Amino acid sequence: MEIVIFVGVVGFVALVLGVPLTALIVWDRRSQEIRAMARSWPTAEGVVELSRVEVIPGDGQVRVRPYVRYAYEVDGQLWRNDCYRLERPFDPGFPGRTAYEIVDALPAGTYVRVHHDPVNPGISCLDP
């Protein structure tokens, strides 16, 4: 009887932990595939309209990310977005460059290359 209960508890714990973990792994892999595709997207010239560092609320740790809003034109239509980088879920930061360095390098008025989805140009980023 004790063995059956133990096996049942272990199975339940594996299920509770395994399903979310599997979903996270699948999501992360899909995010990596999307970022790889975005590297081959067409680009358009854009201009930064606003850049600032945003504080990300969390579990007591202070985390920051760059907020960069930019405008760009594709086939005569004006688009705006604020996606700096296509991120994986729970991405902890910006390797190699801090949010402050990114914002300092991209003040308002700076011209940028915008990578945009060829089917839906409203989906874009500056750093695929």
# chains A, B, ... in the order shown; residues from 1 in each chain; ligands from 1
$ residues_around --residues "A:Ala44" --least-positions-apart "6" --cutoff "10 Å" --atoms "only C-alpha atoms" --output "ChimeraX atom specification"
/A:71-75,112-116,121,124
$ write_last_selection --atoms "C-alpha atoms" --output "JSON list (two decimals), in the first residue's frame"
[["chain", "number", "residue", "atom", "x", "y", "z"],
["A", 71, "ALA", "CA", 8.82, 54.61, -36.87],
["A", 72, "TYR", "CA", 9.49, 53.10, -40.28],
["A", 73, "GLU", "CA", 7.84, 52.93, -43.69],
["A", 74, "VAL", "CA", 7.07, 49.84, -45.78],
["A", 75, "ASP", "CA", 5.44, 50.17, -49.20],
["A", 112, "VAL", "CA", 17.99, 52.53, -37.48],
["A", 113, "ARG", "CA", 17.56, 49.40, -39.61],
["A", 114, "VAL", "CA", 14.21, 47.82, -38.81],
["A", 115, "HIS", "CA", 13.74, 44.11, -39.51],
["A", 116, "HIS", "CA", 10.07, 43.50, -40.38],
["A", 121, "PRO", "CA", 5.20, 44.64, -41.56],
["A", 124, "SER", "CA", 9.30, 44.22, -36.37]]
$ residues_around --residues "A:Val48" --least-positions-apart "6" --cutoff "7 Å" --atoms "only C-alpha atoms" --output "count of residues only"
10
$ closest_residue --among "A:Glu101, A:Asp117, A:Asp127, A:Glu33" --to "A:Val64" --atoms "only C-alpha atoms"
A:Glu101
$ residues_around --residues "A:Ile102" --least-positions-apart "5" --cutoff "9 Å" --atoms "only C-alpha atoms" --output "number ranges by chain"
A: 51, 53, 66, 68, 97
$ closest_residue --among "A:Ala99, A:Cys83, A:Met37, A:Val47" --to "A:Arg63" --atoms "only C-alpha atoms"
A:Ala99
$ atom_distance --atom1 "atom CA of A:Pro118" --atom2 "atom CA of A:Ala105"
26.9 Å
